[in-house]
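Novice: One structure, pasted below without further comment.
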Amino acid sequence: MIEFLPEQVEVLRQLQRACQDAGVDAVVLPEIPTRETDAQREYLRAHRKCLLCEYCSLEEEQNLRIVAENASFLAVVPYWAIWPFEVLVCRRHRLGSLLEFTESEVAHIGGNLKQLASEYDNVFDVPFPYSLGFHQSPSDGSPHAEWHFHAHFYPPLLRSARVRKFMVGFERLGNAQRDITPEIAAQRLREVMPTRSD
Ligand SMILES: [Zn+2]
Ligand SMILES: [Zn+2]
């Protein structure tokens, strides 16, 4: 299991005390994780099952949008993707936070992200730019049985190293539009997949 160093814990405690003294709520969830918390909680309440576990099962069953996988993680171009080569990386089974990972799972997610980064670089034969972020259960001290750890990749390139997608025009004024389907994007990534890394 990953553990914080005592110095890191002390810095977090000092920050929390400073926020409390200033009357600021130190536990603030930004908009997107808040919406994900609500959606996962509602799905768990309604179905007694984890939303992202169910989604991983669906992707494995269809096997159309998987672009990297190993014993612990599955990377897919999700069917709702807006960016051309957007990818969702999910742990195969529910675990709320990076802090709960075993050493082998840390190695597995490293292998999965590395495989995906290689695929990206191979698509247009250039170092592929992207935003990458992890989403995990809130650290507010409450249990979050609904939360399933995952990562999002948002790369901007569309048709070449120079032609990128811009979220402008109708996408700012109406709604986001897809330029290529998630299945075509997944096929492109699968075609340049390096050998599997566990
Ligand atoms: Zn799950
Ligand atoms: Zn997320």
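Following the order of the structure tokens, chains are lettered A, B, ..., residues in each are numbered from 1, and ligands are numbered from 1.
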Please return as a PyMOL selection string the residues found within 6 Å of ligand 1, counting only C-alpha atoms and all ligand atoms.
Specialist: chain A and resi 50-53+93-94+148
Novice: Write out the residues from the selection above, keeping N, CA and C atoms, as a PDB file, in the first residue's frame.
Specialist:
ATOM      1  N   CYS A  50     -21.577  -1.372  -9.057  1.00  0.00           N
ATOM      2  CA  CYS A  50     -20.689  -0.245  -9.351  1.00  0.00           C
ATOM      3  C   CYS A  50     -20.817   0.150 -10.826  1.00  0.00           C
ATOM      4  N   LEU A  51     -21.018   1.428 -11.084  1.00  0.00           N
ATOM      5  CA  LEU A  51     -21.205   1.936 -12.447  1.00  0.00           C
ATOM      6  C   LEU A  51     -20.034   1.576 -13.360  1.00  0.00           C
ATOM      7  N   LEU A  52     -18.795   1.857 -12.933  1.00  0.00           N
ATOM      8  CA  LEU A  52     -17.655   1.632 -13.824  1.00  0.00           C
ATOM      9  C   LEU A  52     -17.282   0.156 -13.938  1.00  0.00           C
ATOM     10  N   CYS A  53     -17.589  -0.662 -12.918  1.00  0.00           N
ATOM     11  CA  CYS A  53     -17.402  -2.119 -13.067  1.00  0.00           C
ATOM     12  C   CYS A  53     -18.324  -2.631 -14.167  1.00  0.00           C
ATOM     13  N   HIS A  93     -11.462  -3.893 -11.449  1.00  0.00           N
ATOM     14  CA  HIS A  93     -12.395  -4.072 -10.336  1.00  0.00           C
ATOM     15  C   HIS A  93     -12.330  -2.858  -9.425  1.00  0.00           C
ATOM     16  N   ARG A  94     -13.398  -2.634  -8.687  1.00  0.00           N
ATOM     17  CA  ARG A  94     -13.509  -1.399  -7.921  1.00  0.00           C
ATOM     18  C   ARG A  94     -12.434  -1.247  -6.848  1.00  0.00           C
ATOM     19  N   HIS A 148     -14.988   4.525  -8.086  1.00  0.00           N
ATOM     20  CA  HIS A 148     -14.141   3.561  -8.804  1.00  0.00           C
ATOM     21  C   HIS A 148     -13.013   4.359  -9.460  1.00  0.00           C
TER      22      HIS A 148
END
Novice: Please identify every polymer residue within 8 Å of ligand 2, using only C-alpha atoms and all ligand atoms, and present the set as a list of chain:residue names.
Specialist: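 Protein and nucleic-acid residues within 8 Å of ligand 2: A:Ile32, A:Pro33, A:Glu36, A:Phe134, A:His135, A:Gln136, A:His150, A:Ala151, A:His152.
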Novice: Go ahead and save the picked residues with C-alpha atoms, as an mmCIF file, in the first residue's frame.
Specialist:
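Result written to part_24.cif:
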data_model
loop_
_atom_site.group_PDB
_atom_site.id
_atom_site.type_symbol
_atom_site.label_atom_id
_atom_site.label_comp_id
_atom_site.auth_asym_id
_atom_site.auth_seq_id
_atom_site.Cartn_x
_atom_site.Cartn_y
_atom_site.Cartn_z
ATOM 1 C CA ILE A 32 -16.510 17.310 -12.748
ATOM 2 C CA PRO A 33 -15.597 15.041 -9.800
ATOM 3 C CA GLU A 36 -19.021 11.829 -11.185
ATOM 4 C CA PHE A 134 -6.668 10.707 -12.188
ATOM 5 C CA HIS A 135 -10.105 10.660 -10.598
ATOM 6 C CA GLN A 136 -10.466 8.930 -7.259
ATOM 7 C CA HIS A 150 -9.950 5.811 -13.159
ATOM 8 C CA ALA A 151 -7.876 8.114 -15.377
ATOM 9 C CA HIS A 152 -8.795 10.336 -18.345
#
Novice: Any idea what's packed within 10 Å of Ala145 of chain A, counting only C-alpha atoms, ignoring anything in its chain fewer than 4 positions away? Could you give it as a VMD selection string?
Specialist: chain A and resid 40 to 41 44 50 94 to 96 137
Novice: Could you please take those selected residues and save C-alpha atoms as a PDB file, in the first residue's frame?
Specialist:
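Contents of selection-v3.pdb, freshly written:
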ATOM      1  CA  GLN A  40     -21.735   6.797  -9.312  1.00  0.00           C
ATOM      2  CA  ARG A  41     -23.685   7.172  -6.068  1.00  0.00           C
ATOM      3  CA  LEU A  44     -25.018   2.223  -6.871  1.00  0.00           C
ATOM      4  CA  CYS A  50     -20.689  -0.245  -9.351  1.00  0.00           C
ATOM      5  CA  ARG A  94     -13.509  -1.399  -7.921  1.00  0.00           C
ATOM      6  CA  LEU A  95     -10.950   0.335  -5.756  1.00  0.00           C
ATOM      7  CA  GLY A  96     -11.567   3.919  -4.730  1.00  0.00           C
ATOM      8  CA  SER A 137     -12.639   8.946  -4.146  1.00  0.00           C
TER       9      SER A 137
END
Novice: Could you list, as an NGL selection string, every residue within 7 Å of segment 72-75 of chain A, counting only C-alpha atoms and ignoring same-chain residues fewer than 6 positions away?
Specialist: :A and (66 or 87-92 or 105 or 108-109 or 112)
Novice: Any chance you could export the current selection's N, CA and C atoms as a CSV table (one decimal), in the first residue's frame?
Specialist:
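Resulting contents of out.csv:
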chain,number,residue,atom,x,y,z
A,66,ILE,N,-11.5,-1.2,-26.8
A,66,ILE,CA,-10.3,-1.4,-25.9
A,66,ILE,C,-9.0,-1.1,-26.6
A,87,VAL,N,-9.3,8.8,-24.1
A,87,VAL,CA,-9.3,7.4,-23.5
A,87,VAL,C,-9.6,7.5,-22.0
A,88,LEU,N,-10.3,6.5,-21.6
A,88,LEU,CA,-10.6,6.3,-20.1
A,88,LEU,C,-9.9,5.0,-19.7
A,89,VAL,N,-9.1,5.2,-18.6
A,89,VAL,CA,-8.3,4.0,-18.1
A,89,VAL,C,-9.0,3.6,-16.8
A,90,CYS,N,-9.5,2.4,-16.7
A,90,CYS,CA,-10.2,1.9,-15.5
A,90,CYS,C,-9.5,0.7,-14.8
A,91,ARG,N,-9.5,0.7,-13.5
A,91,ARG,CA,-9.1,-0.5,-12.9
A,91,ARG,C,-10.2,-1.6,-13.2
A,92,ARG,N,-9.8,-2.8,-13.4
A,92,ARG,CA,-10.8,-3.8,-13.8
A,92,ARG,C,-11.9,-4.0,-12.7
A,105,GLU,N,-0.1,-3.4,-8.5
A,105,GLU,CA,-1.1,-2.6,-9.2
A,105,GLU,C,-0.5,-1.3,-9.6
A,108,HIS,N,1.3,-2.2,-12.6
A,108,HIS,CA,0.3,-2.4,-13.7
A,108,HIS,C,-0.2,-1.1,-14.3
A,109,ILE,N,-0.5,-0.2,-13.5
A,109,ILE,CA,-1.0,1.1,-14.1
A,109,ILE,C,0.1,1.8,-14.8
A,112,ASN,N,0.3,0.1,-18.2
A,112,ASN,CA,-0.9,0.5,-19.0
A,112,ASN,C,-0.7,1.9,-19.6
Novice: Can you write out as a Markdown table which residues of segment 47-103 of chain A fall within 12 Å of segment 118-122 of chain A, alongside each residue's closest atom pair and its distance in Å to one decimal, counting only C-alpha atoms and ordering rows by chain and ascending residue number?
Specialist:
| residue | atom | partner | partner_atom | distance |
| --- | --- | --- | --- | --- |
| A:Val67 | CA | A:Glu119 | CA | 8.6 |
| A:Ala68 | CA | A:Glu119 | CA | 8.9 |
| A:Ala75 | CA | A:Glu119 | CA | 11.7 |
| A:Pro84 | CA | A:Tyr120 | CA | 11.5 |
| A:Phe85 | CA | A:Tyr120 | CA | 8.4 |
| A:Glu86 | CA | A:Tyr120 | CA | 10.4 |
| A:Val87 | CA | A:Tyr120 | CA | 10.5 |
Novice: My list of candidates is A:Arg35, A:Leu64, A:Ser142, A:Phe170. Which is closest to Ala185 of chain A when distances are computed with only C-alpha atoms?
Specialist: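 Looking only at the distances to Ala185 of chain A, the closest residue turns out to be A:Leu64.
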Novice: Between A:Arg178, A:Glu146, A:Gln115, A:Phe153, which residue has the minimum interatomic distance to Tyr130 of chain A, considering only C-alpha atoms?
Specialist: A:Phe153
Novice: Could you work out how far atom CA of Trp80 of chain A lies from atom CA of Glu171 of chain A, giving the answer in Å with one decimal?
Specialist: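 One can read the atom CA of Glu171 of chain A to atom CA of Trp80 of chain A distance as 14.8 Å.
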Novice: Report the residues of segment 55-184 of chain A whose backbone DSSP state falls under strand (DSSP E), written as a PyMOL selection string.
Specialist: chain A and resi 66-69+73-76+87-91+131-135+150-154
Novice: I'd like to know which of A:Phe128, A:Tyr79, A:Tyr55, A:Phe101 is closest to Pro155 of chain A, using only C-alpha atoms.
Specialist: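 Between A:Phe128, A:Tyr79, A:Tyr55, A:Phe101, the residue approaching Pro155 of chain A most closely is A:Phe128.
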Novice: When DSSP is applied to the backbone of this structure, which of segment 75-139 of chain A are assigned helix (DSSP H, G or I)? Write them out as a count of residues only.
Specialist: 24
